[in-house]
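Enquirer: I am sharing protein_16.cif, which consists of mmCIF, C-alpha atoms, pLDDT in the B column; chains and numbers go by the auth columns:
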data_query
loop_
_atom_site.group_PDB
_atom_site.id
_atom_site.type_symbol
_atom_site.label_atom_id
_atom_site.label_comp_id
_atom_site.label_asym_id
_atom_site.label_seq_id
_atom_site.Cartn_x
_atom_site.Cartn_y
_atom_site.Cartn_z
_atom_site.B_iso_or_equiv
_atom_site.auth_seq_id
_atom_site.auth_asym_id
ATOM 1 C CA MET A 1 5.058 -15.114 -8.952 48.00 421 A
ATOM 2 C CA ASN A 2 2.903 -14.776 -5.874 55.00 422 A
ATOM 3 C CA LYS A 3 5.598 -12.954 -3.893 57.00 423 A
ATOM 4 C CA LYS A 4 4.159 -9.492 -4.461 53.00 424 A
ATOM 5 C CA LEU A 5 0.792 -10.652 -3.179 56.00 425 A
ATOM 6 C CA ALA A 6 2.423 -11.997 -0.043 53.00 426 A
ATOM 7 C CA ALA A 7 4.402 -8.795 0.397 50.00 427 A
ATOM 8 C CA ALA A 8 1.183 -6.808 0.244 49.00 428 A
ATOM 9 C CA LEU A 9 -0.177 -8.906 3.080 48.00 429 A
ATOM 10 C CA SER A 10 2.881 -9.395 5.239 43.00 430 A
ATOM 11 C CA GLY A 11 2.972 -6.824 7.949 39.00 431 A
ATOM 12 C CA GLY A 12 -0.762 -6.484 7.441 40.00 432 A
ATOM 13 C CA ALA A 13 -1.249 -7.486 11.029 39.00 433 A
ATOM 14 C CA VAL A 14 -4.559 -8.901 12.055 41.00 434 A
ATOM 15 C CA LEU A 15 -7.126 -6.360 13.149 42.00 435 A
ATOM 16 C CA VAL A 16 -7.072 -7.223 16.805 43.00 436 A
ATOM 17 C CA LEU A 17 -8.280 -4.922 19.479 44.00 437 A
ATOM 18 C CA ALA A 18 -5.661 -2.246 19.979 42.00 438 A
ATOM 19 C CA LEU A 19 -4.639 -2.916 23.534 38.00 439 A
ATOM 20 C CA THR A 20 -1.695 -1.538 25.442 34.00 440 A
ATOM 21 C CA GLY A 21 -1.282 -2.066 29.122 34.00 441 A
ATOM 22 C CA CYS A 22 -3.531 -3.822 31.590 37.00 442 A
ATOM 23 C CA SER A 23 -4.201 -1.131 34.142 39.00 443 A
ATOM 24 C CA GLY A 24 -7.354 -1.353 36.205 43.00 444 A
ATOM 25 C CA SER A 25 -10.459 0.563 35.194 45.00 445 A
ATOM 26 C CA GLU A 26 -12.977 2.210 37.441 51.00 446 A
ATOM 27 C CA ASP A 27 -15.749 -0.041 38.638 60.00 447 A
ATOM 28 C CA ASN A 28 -18.111 0.082 35.678 82.00 448 A
ATOM 29 C CA LYS A 29 -20.095 -3.135 35.480 89.00 449 A
ATOM 30 C CA GLU A 30 -21.989 -2.120 32.341 91.00 450 A
ATOM 31 C CA LEU A 31 -18.796 -1.337 30.475 92.00 451 A
ATOM 32 C CA ASP A 32 -17.151 -4.525 31.745 92.00 452 A
ATOM 33 C CA ALA A 33 -20.132 -6.558 30.529 92.00 453 A
ATOM 34 C CA TRP A 34 -19.886 -4.876 27.115 93.00 454 A
ATOM 35 C CA ALA A 35 -16.152 -5.635 26.940 91.00 455 A
ATOM 36 C CA LYS A 36 -16.790 -9.278 27.797 91.00 456 A
ATOM 37 C CA LYS A 37 -19.319 -9.582 24.955 90.00 457 A
ATOM 38 C CA VAL A 38 -16.739 -8.282 22.512 89.00 458 A
ATOM 39 C CA CYS A 39 -13.680 -10.087 23.841 90.00 459 A
ATOM 40 C CA ASP A 40 -15.199 -13.542 24.300 90.00 460 A
ATOM 41 C CA LEU A 41 -15.397 -13.921 20.518 86.00 461 A
ATOM 42 C CA VAL A 42 -12.131 -12.230 19.574 83.00 462 A
ATOM 43 C CA PRO A 43 -9.814 -15.295 19.840 84.00 463 A
ATOM 44 C CA ALA A 44 -11.821 -17.358 17.330 86.00 464 A
ATOM 45 C CA GLN A 45 -12.032 -14.466 14.857 86.00 465 A
ATOM 46 C CA ASN A 46 -8.368 -13.671 15.327 86.00 466 A
ATOM 47 C CA LYS A 47 -7.387 -17.287 14.714 88.00 467 A
ATOM 48 C CA LYS A 48 -9.309 -17.392 11.433 89.00 468 A
ATOM 49 C CA ILE A 49 -7.856 -14.116 10.180 90.00 469 A
ATOM 50 C CA THR A 50 -4.297 -15.046 11.186 89.00 470 A
ATOM 51 C CA ALA A 51 -4.597 -18.445 9.498 91.00 471 A
ATOM 52 C CA ALA A 52 -5.781 -16.790 6.293 91.00 472 A
ATOM 53 C CA TYR A 53 -2.786 -14.424 6.162 86.00 473 A
ATOM 54 C CA ASP A 54 -0.485 -17.364 6.897 88.00 474 A
ATOM 55 C CA ALA A 55 -2.077 -19.421 4.097 88.00 475 A
ATOM 56 C CA ILE A 56 -1.441 -16.682 1.520 85.00 476 A
ATOM 57 C CA THR A 57 2.160 -16.277 2.632 84.00 477 A
ATOM 58 C CA LYS A 58 2.722 -20.049 2.590 86.00 478 A
ATOM 59 C CA ALA A 59 1.240 -20.360 -0.904 82.00 479 A
ATOM 60 C CA ALA A 60 3.454 -17.520 -2.132 78.00 480 A
ATOM 61 C CA GLU A 61 6.580 -19.171 -0.782 82.00 481 A
ATOM 62 C CA ASP A 62 5.752 -22.593 -2.250 78.00 482 A
ATOM 63 C CA THR A 63 7.631 -22.537 -5.548 77.00 483 A
ATOM 64 C CA GLU A 64 6.251 -25.979 -6.439 82.00 484 A
ATOM 65 C CA SER A 65 2.624 -24.842 -6.432 82.00 485 A
ATOM 66 C CA THR A 66 0.777 -24.826 -9.729 88.00 486 A
ATOM 67 C CA PRO A 67 -1.298 -21.773 -10.743 90.00 487 A
ATOM 68 C CA ALA A 68 -4.460 -23.728 -9.925 91.00 488 A
ATOM 69 C CA GLU A 69 -3.156 -24.562 -6.439 90.00 489 A
ATOM 70 C CA LEU A 70 -2.173 -20.949 -5.802 89.00 490 A
ATOM 71 C CA GLN A 71 -5.561 -19.788 -7.000 92.00 491 A
ATOM 72 C CA LYS A 72 -7.360 -22.209 -4.696 92.00 492 A
ATOM 73 C CA ALA A 73 -5.258 -21.271 -1.646 91.00 493 A
ATOM 74 C CA ASP A 74 -5.612 -17.528 -2.207 92.00 494 A
ATOM 75 C CA SER A 75 -9.322 -17.779 -2.921 94.00 495 A
ATOM 76 C CA GLN A 76 -9.975 -19.634 0.338 95.00 496 A
ATOM 77 C CA ALA A 77 -7.781 -17.208 2.289 93.00 497 A
ATOM 78 C CA PHE A 78 -9.626 -14.165 0.927 94.00 498 A
ATOM 79 C CA GLN A 79 -12.924 -15.827 1.793 96.00 499 A
ATOM 80 C CA ASP A 80 -11.722 -16.427 5.356 94.00 500 A
ATOM 81 C CA LEU A 81 -10.524 -12.827 5.673 94.00 501 A
ATOM 82 C CA SER A 82 -13.875 -11.579 4.413 95.00 502 A
ATOM 83 C CA ASP A 83 -15.723 -13.809 6.878 95.00 503 A
ATOM 84 C CA GLY A 84 -13.393 -12.871 9.740 92.00 504 A
ATOM 85 C CA TYR A 85 -13.813 -9.121 9.384 93.00 505 A
ATOM 86 C CA LYS A 86 -17.552 -9.455 8.805 94.00 506 A
ATOM 87 C CA ALA A 87 -17.787 -11.421 12.053 93.00 507 A
ATOM 88 C CA ARG A 88 -15.814 -8.704 13.861 91.00 508 A
ATOM 89 C CA ALA A 89 -18.250 -6.078 12.548 93.00 509 A
ATOM 90 C CA THR A 90 -21.218 -8.188 13.628 94.00 510 A
ATOM 91 C CA VAL A 91 -19.855 -8.674 17.143 92.00 511 A
ATOM 92 C CA ILE A 92 -19.328 -5.006 17.897 92.00 512 A
ATOM 93 C CA SER A 93 -22.589 -4.068 16.179 94.00 513 A
ATOM 94 C CA THR A 94 -24.477 -6.582 18.321 93.00 514 A
ATOM 95 C CA ALA A 95 -22.698 -5.431 21.477 92.00 515 A
ATOM 96 C CA GLY A 96 -23.705 -1.842 20.737 93.00 516 A
ATOM 97 C CA ALA A 97 -21.925 1.331 21.770 93.00 517 A
ATOM 98 C CA PRO A 98 -19.683 1.045 24.845 92.00 518 A
ATOM 99 C CA PRO A 99 -21.648 2.350 27.876 91.00 519 A
ATOM 100 C CA GLY A 100 -20.591 5.813 28.958 88.00 520 A
ATOM 101 C CA ALA A 101 -18.195 6.363 26.060 86.00 521 A
ATOM 102 C CA GLU A 102 -18.146 9.836 24.547 88.00 522 A
ATOM 103 C CA ASP A 103 -19.633 9.711 21.037 92.00 523 A
ATOM 104 C CA GLY A 104 -19.826 5.943 21.519 91.00 524 A
ATOM 105 C CA GLU A 105 -22.618 5.376 19.007 94.00 525 A
ATOM 106 C CA LYS A 106 -20.890 7.476 16.352 95.00 526 A
ATOM 107 C CA LYS A 107 -17.592 5.663 16.868 94.00 527 A
ATOM 108 C CA LEU A 108 -19.356 2.300 16.828 94.00 528 A
ATOM 109 C CA GLN A 109 -21.060 3.009 13.511 96.00 529 A
ATOM 110 C CA ALA A 110 -17.771 4.204 11.998 96.00 530 A
ATOM 111 C CA ALA A 111 -15.972 1.001 13.049 94.00 531 A
ATOM 112 C CA VAL A 112 -18.790 -1.242 11.811 95.00 532 A
ATOM 113 C CA LYS A 113 -18.882 0.611 8.490 96.00 533 A
ATOM 114 C CA GLN A 114 -15.121 0.277 7.955 95.00 534 A
ATOM 115 C CA LEU A 115 -14.987 -3.393 8.958 94.00 535 A
ATOM 116 C CA THR A 116 -17.929 -4.201 6.692 96.00 536 A
ATOM 117 C CA ALA A 117 -16.250 -2.399 3.796 96.00 537 A
ATOM 118 C CA LEU A 118 -13.032 -4.325 4.464 95.00 538 A
ATOM 119 C CA SER A 119 -14.945 -7.605 4.434 96.00 539 A
ATOM 120 C CA ALA A 120 -16.496 -6.678 1.079 97.00 540 A
ATOM 121 C CA ALA A 121 -13.079 -5.737 -0.308 96.00 541 A
ATOM 122 C CA TYR A 122 -11.692 -9.182 0.533 95.00 542 A
ATOM 123 C CA ALA A 123 -14.757 -10.789 -1.054 96.00 543 A
ATOM 124 C CA ASP A 124 -13.950 -8.816 -4.225 96.00 544 A
ATOM 125 C CA MET A 125 -10.339 -10.036 -4.010 94.00 545 A
ATOM 126 C CA LYS A 126 -11.622 -13.624 -3.900 95.00 546 A
ATOM 127 C CA THR A 127 -13.669 -13.015 -7.053 96.00 547 A
ATOM 128 C CA GLN A 128 -10.670 -11.436 -8.778 94.00 548 A
ATOM 129 C CA VAL A 129 -8.394 -14.373 -7.913 94.00 549 A
ATOM 130 C CA GLU A 130 -10.970 -16.910 -9.047 95.00 550 A
ATOM 131 C CA GLY A 131 -11.139 -15.157 -12.417 95.00 551 A
ATOM 132 C CA LEU A 132 -7.425 -15.623 -13.137 93.00 552 A
ATOM 133 C CA ASN A 133 -6.404 -17.758 -16.111 93.00 553 A
ATOM 134 C CA THR A 134 -4.597 -20.756 -14.601 92.00 554 A
ATOM 135 C CA LYS A 135 -4.099 -22.429 -17.986 92.00 555 A
ATOM 136 C CA ASP A 136 -1.697 -19.774 -19.249 91.00 556 A
ATOM 137 C CA GLN A 137 1.339 -19.160 -17.033 87.00 557 A
ATOM 138 C CA ALA A 138 2.041 -15.683 -18.438 90.00 558 A
ATOM 139 C CA LYS A 139 -1.556 -14.521 -18.130 92.00 559 A
ATOM 140 C CA PHE A 140 -1.738 -15.914 -14.615 90.00 560 A
ATOM 141 C CA ALA A 141 1.407 -14.018 -13.611 87.00 561 A
ATOM 142 C CA THR A 142 -0.028 -10.804 -15.061 91.00 562 A
ATOM 143 C CA GLY A 143 -3.265 -11.416 -13.224 91.00 563 A
ATOM 144 C CA LEU A 144 -1.426 -11.875 -9.928 87.00 564 A
ATOM 145 C CA LYS A 145 0.287 -8.516 -10.418 87.00 565 A
ATOM 146 C CA GLU A 146 -3.139 -6.924 -10.755 90.00 566 A
ATOM 147 C CA VAL A 147 -4.292 -8.686 -7.597 89.00 567 A
ATOM 148 C CA SER A 148 -1.204 -7.399 -5.799 85.00 568 A
ATOM 149 C CA ALA A 149 -1.961 -3.840 -6.915 87.00 569 A
ATOM 150 C CA GLU A 150 -5.509 -4.188 -5.640 89.00 570 A
ATOM 151 C CA MET A 151 -4.169 -5.476 -2.322 86.00 571 A
ATOM 152 C CA LYS A 152 -2.443 -2.145 -1.749 86.00 572 A
ATOM 153 C CA LYS A 153 -5.837 -0.445 -1.885 89.00 573 A
ATOM 154 C CA VAL A 154 -7.269 -3.006 0.509 91.00 574 A
ATOM 155 C CA GLU A 155 -4.351 -2.395 2.888 88.00 575 A
ATOM 156 C CA THR A 156 -5.352 1.280 3.002 91.00 576 A
ATOM 157 C CA GLN A 157 -8.885 0.185 3.904 92.00 577 A
ATOM 158 C CA ARG A 158 -7.486 -2.078 6.614 90.00 578 A
ATOM 159 C CA GLN A 159 -5.571 0.825 8.128 91.00 579 A
ATOM 160 C CA THR A 160 -8.725 2.964 8.074 93.00 580 A
ATOM 161 C CA ALA A 161 -10.673 0.205 9.831 92.00 581 A
ATOM 162 C CA LEU A 162 -7.907 -0.171 12.412 88.00 582 A
ATOM 163 C CA THR A 163 -8.023 3.567 13.111 91.00 583 A
ATOM 164 C CA ALA A 164 -11.801 3.407 13.564 92.00 584 A
ATOM 165 C CA LEU A 165 -11.417 0.494 15.997 89.00 585 A
ATOM 166 C CA LYS A 166 -8.764 2.325 17.999 89.00 586 A
ATOM 167 C CA ASP A 167 -11.081 5.318 18.202 92.00 587 A
ATOM 168 C CA LEU A 168 -13.891 3.107 19.512 91.00 588 A
ATOM 169 C CA GLU A 169 -11.552 1.485 22.027 87.00 589 A
ATOM 170 C CA SER A 170 -10.117 4.592 23.617 87.00 590 A
ATOM 171 C CA GLY A 171 -10.234 5.802 27.215 86.00 591 A
ATOM 172 C CA ASP A 172 -12.168 3.758 29.767 89.00 592 A
ATOM 173 C CA THR A 173 -13.333 1.416 27.014 90.00 593 A
ATOM 174 C CA LYS A 174 -9.733 0.463 26.269 87.00 594 A
ATOM 175 C CA GLN A 175 -9.082 -0.261 29.941 88.00 595 A
ATOM 176 C CA ALA A 176 -12.193 -2.413 30.227 89.00 596 A
ATOM 177 C CA LEU A 177 -11.210 -4.415 27.137 89.00 597 A
ATOM 178 C CA SER A 178 -7.649 -4.887 28.373 86.00 598 A
ATOM 179 C CA GLU A 179 -8.922 -6.721 31.436 88.00 599 A
ATOM 180 C CA GLN A 180 -10.786 -9.366 29.433 89.00 600 A
ATOM 181 C CA SER A 181 -8.893 -12.605 28.837 86.00 601 A
ATOM 182 C CA GLY A 182 -10.076 -12.906 25.230 84.00 602 A
ATOM 183 C CA CYS A 183 -8.624 -9.531 24.299 84.00 603 A
ATOM 184 C CA LYS A 184 -5.393 -10.220 26.187 78.00 604 A
ATOM 185 C CA GLN A 185 -5.075 -13.404 24.160 71.00 605 A
ATOM 186 C CA ALA A 186 -5.643 -11.517 20.909 66.00 606 A
ATOM 187 C CA SER A 187 -3.143 -8.810 21.791 63.00 607 A
ATOM 188 C CA THR A 188 -0.410 -11.439 22.141 55.00 608 A
ATOM 189 C CA SER A 189 -1.132 -13.091 18.786 50.00 609 A
ATOM 190 C CA PRO A 190 1.744 -14.280 16.560 44.00 610 A
ATOM 191 C CA GLU A 191 0.845 -11.493 14.135 43.00 611 A
ATOM 192 C CA ALA A 192 2.455 -8.973 16.460 35.00 612 A
ATOM 193 C CA SER A 193 5.797 -7.714 15.257 29.00 613 A
ATOM 194 C CA ALA A 194 7.414 -8.943 18.442 28.00 614 A
ATOM 195 C CA PRO A 195 6.328 -11.301 21.230 28.00 615 A
ATOM 196 C CA ALA A 196 4.021 -9.389 23.500 30.00 616 A
ATOM 197 C CA THR A 197 3.564 -9.811 27.224 27.00 617 A
ATOM 198 C CA ASP A 198 0.849 -8.520 29.470 32.00 618 A
ATOM 199 C CA SER A 199 1.998 -5.436 31.311 28.00 619 A
#
Translate this structure into structure tokens?
Expert:
Amino acid sequence: MNKKLAAALSGGAVLVLALTGCSGSEDNKELDAWAKKVCDLVPAQNKKITAAYDAITKAAEDTESTPAELQKADSQAFQDLSDGYKARATVISTAGAPPGAEDGEKKLQAAVKQLTALSAAYADMKTQVEGLNTKDQAKFATGLKEVSAEMKKVETQRQTALTALKDLESGDTKQALSEQSGCKQASTSPEASAPATDS
């Protein structure tokens, strides 16, 4: 009964920094320092977010789970997703706008706003799951369908946040990030559709 919820999340790849290629950037120590601030914390955030998606998928595939067990697993996963995206927003907000980036401050604020909204959406999902009736199988199944429908809206928010991040990480900023080991590690996460290698 949790399959639709898992389907809504599968393919919802973790919001990692959108990196392609590892070409060298111009010597920009300020930008490199900014990239290091961001990338040093990415692996830990990425791990938490990935684990949360995996937990929801695992719970959905476990046909032996009781409604109460499913509720507990999903609730914890949504909490972790909320925390993970909030942490991502905090990191880039603390780092500030990438030095020298065109409209850097505007792009930064847009990314922080979208990530914060995504975090709040997952917190709402946690509340919704915790309100499901686990004593009545039929009511629980109906409730999960509603959660699944809500997940589609959250997926749209995730895509919007991803777009905002890509916008922030364009041009020289993208090159600077691609050279940091933390971001390389994130870009080769298991959430990728295929095994990635540094180019």
Enquirer: Residues of stretch 455-526 of chain A within 6 Å of stretch 601-604 of chain A: nearest atom pair and distance (Å, one decimal) for each, counting only C-alpha atoms, sorted by chain and number, as a Markdown table?
Expert:
| residue | atom | partner | partner_atom | distance |
| --- | --- | --- | --- | --- |
| A:Cys459 | CA | A:Gly602 | CA | 4.8 |
| A:Asp460 | CA | A:Gly602 | CA | 5.2 |
| A:Pro463 | CA | A:Gly602 | CA | 5.9 |
Enquirer: Can you write out the residues you just picked, keeping C-alpha atoms, as a PDB file, keeping the file's coordinate frame?
Expert:
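Output contents, as saved in out.pdb:
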ATOM      1  CA  CYS A 459     -13.680 -10.087  23.841  1.00 90.00           C
ATOM      2  CA  ASP A 460     -15.199 -13.542  24.300  1.00 90.00           C
ATOM      3  CA  PRO A 463      -9.814 -15.295  19.840  1.00 84.00           C
TER       4      PRO A 463
END
Enquirer: Measuring atom to atom with all atoms listed in the file, identify which of A:Thr554, A:Thr580, A:Glu599, A:Met545 is nearest to A:Glu566.
Expert: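 For A:Glu566, the nearest of the given residues is A:Met545.
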Enquirer: Have a look at atom CA of A:Ala584 and atom CA of A:Gln534 and let me know their distance in Å, one decimal.
Expert: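 Interatomic distance here is 7.2 Å.
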Enquirer: When you draw a straight line from atom CA of A:Asn553 to atom CA of A:Asp482, how long is it in Å?
Expert: 19.1 Å
Enquirer: What is the atom CA of A:Tyr473-atom CA of A:Trp454 distance in Å, reported with one decimal?
Expert: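 Computing it gives 28.7 Å between the two atoms.
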Enquirer: So which residues get picked by the PyMOL selection byres ((chain A and resi 504) around 10) here, written as number ranges by chain?
Expert: A: 434-435, 462, 464-470, 472, 498-503, 505-510, 535, 539
Enquirer: Go through A:Leu538, A:Val511, A:Ala493, A:Val549 and flag the residue nearest A:Ser568, using only C-alpha atoms for the distances.
Expert: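 Of the candidates, the smallest distance to A:Ser568 is held by A:Val549.
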Enquirer: Using only the atoms of stretch 467-474 of chain A listed in the file, plus 5 Å on each side, state the axis-aligned box centre and edge lengths in Å rounded to one decimal, as JSON.
Expert:
{"center_x": -4.9, "center_y": -16.3, "center_z": 10.4, "size_x": 18.8, "size_y": 14.3, "size_z": 18.6}
Enquirer: Check the smallest atom-to-atom distance from each of A:Ser485, A:Ser495, A:Gln529, A:Asn448 to A:Gly516 using only C-alpha atoms, then report the winner.
Expert: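 Ranked by minimum distance to A:Gly516, first place goes to A:Gln529.
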Enquirer: Given only C-alpha atoms as the basis, pick out the residue of A:Asp544, A:Gln557, A:Ser513, A:Thr593 nearest to A:Val532.
Expert: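 Smallest distance to A:Val532 is found for A:Ser513.
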Enquirer: As a check of understanding, name the residues that the PyMOL selection byres ((chain A and resi 552) around 12) selects in the supplied structure, as a ChimeraX atom specification.
Expert: /A:487-492,494-495,545-551,553-567
Enquirer: If you keep C-alpha atoms, can you produce a file of those selected residues as a compact mmCIF listing (two decimals), keeping the file's coordinate frame?
Expert:
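Result saved to selection.txt:
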# COMPACT_ATOMS: atom_id res chain seq x y z
CA PRO A 487 -1.30 -21.77 -10.74
CA ALA A 488 -4.46 -23.73 -9.93
CA GLU A 489 -3.16 -24.56 -6.44
CA LEU A 490 -2.17 -20.95 -5.80
CA GLN A 491 -5.56 -19.79 -7.00
CA LYS A 492 -7.36 -22.21 -4.70
CA ASP A 494 -5.61 -17.53 -2.21
CA SER A 495 -9.32 -17.78 -2.92
CA MET A 545 -10.34 -10.04 -4.01
CA LYS A 546 -11.62 -13.62 -3.90
CA THR A 547 -13.67 -13.02 -7.05
CA GLN A 548 -10.67 -11.44 -8.78
CA VAL A 549 -8.39 -14.37 -7.91
CA GLU A 550 -10.97 -16.91 -9.05
CA GLY A 551 -11.14 -15.16 -12.42
CA ASN A 553 -6.40 -17.76 -16.11
CA THR A 554 -4.60 -20.76 -14.60
CA LYS A 555 -4.10 -22.43 -17.99
CA ASP A 556 -1.70 -19.77 -19.25
CA GLN A 557 1.34 -19.16 -17.03
CA ALA A 558 2.04 -15.68 -18.44
CA LYS A 559 -1.56 -14.52 -18.13
CA PHE A 560 -1.74 -15.91 -14.62
CA ALA A 561 1.41 -14.02 -13.61
CA THR A 562 -0.03 -10.80 -15.06
CA GLY A 563 -3.26 -11.42 -13.22
CA LEU A 564 -1.43 -11.88 -9.93
CA LYS A 565 0.29 -8.52 -10.42
CA GLU A 566 -3.14 -6.92 -10.76
CA VAL A 567 -4.29 -8.69 -7.60
Enquirer: For the file shown, report as a ChimeraX atom specification the outcome of the PyMOL selection byres ((chain A and resi 571) around 9) at residue level.
Expert: /A:425,428-429,542,545,566-570,572-576
Enquirer: Next, the residues of the selection above should be written as a CSV table (one decimal), in the coordinates of the input with C-alpha atoms.
Expert:
chain,number,residue,atom,x,y,z
A,425,LEU,CA,0.8,-10.7,-3.2
A,428,ALA,CA,1.2,-6.8,0.2
A,429,LEU,CA,-0.2,-8.9,3.1
A,542,TYR,CA,-11.7,-9.2,0.5
A,545,MET,CA,-10.3,-10.0,-4.0
A,566,GLU,CA,-3.1,-6.9,-10.8
A,567,VAL,CA,-4.3,-8.7,-7.6
A,568,SER,CA,-1.2,-7.4,-5.8
A,569,ALA,CA,-2.0,-3.8,-6.9
A,570,GLU,CA,-5.5,-4.2,-5.6
A,572,LYS,CA,-2.4,-2.1,-1.7
A,573,LYS,CA,-5.8,-0.4,-1.9
A,574,VAL,CA,-7.3,-3.0,0.5
A,575,GLU,CA,-4.4,-2.4,2.9
A,576,THR,CA,-5.4,1.3,3.0
Enquirer: Can you pull out every residue within 10 Å of A:Gln600, counting only C-alpha atoms, but drop anything in the same chain fewer than 2 positions away, and send it as a list in words?
Expert: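 With the cut-off at 10 Å, the set is Cys442, Asp452, Ala453, Ala455, Lys456, Lys457, Val458, Cys459, Asp460, Gln595, Ala596, Leu597, Ser598, Gly602, Cys603, Lys604 and Gln605 of chain A.
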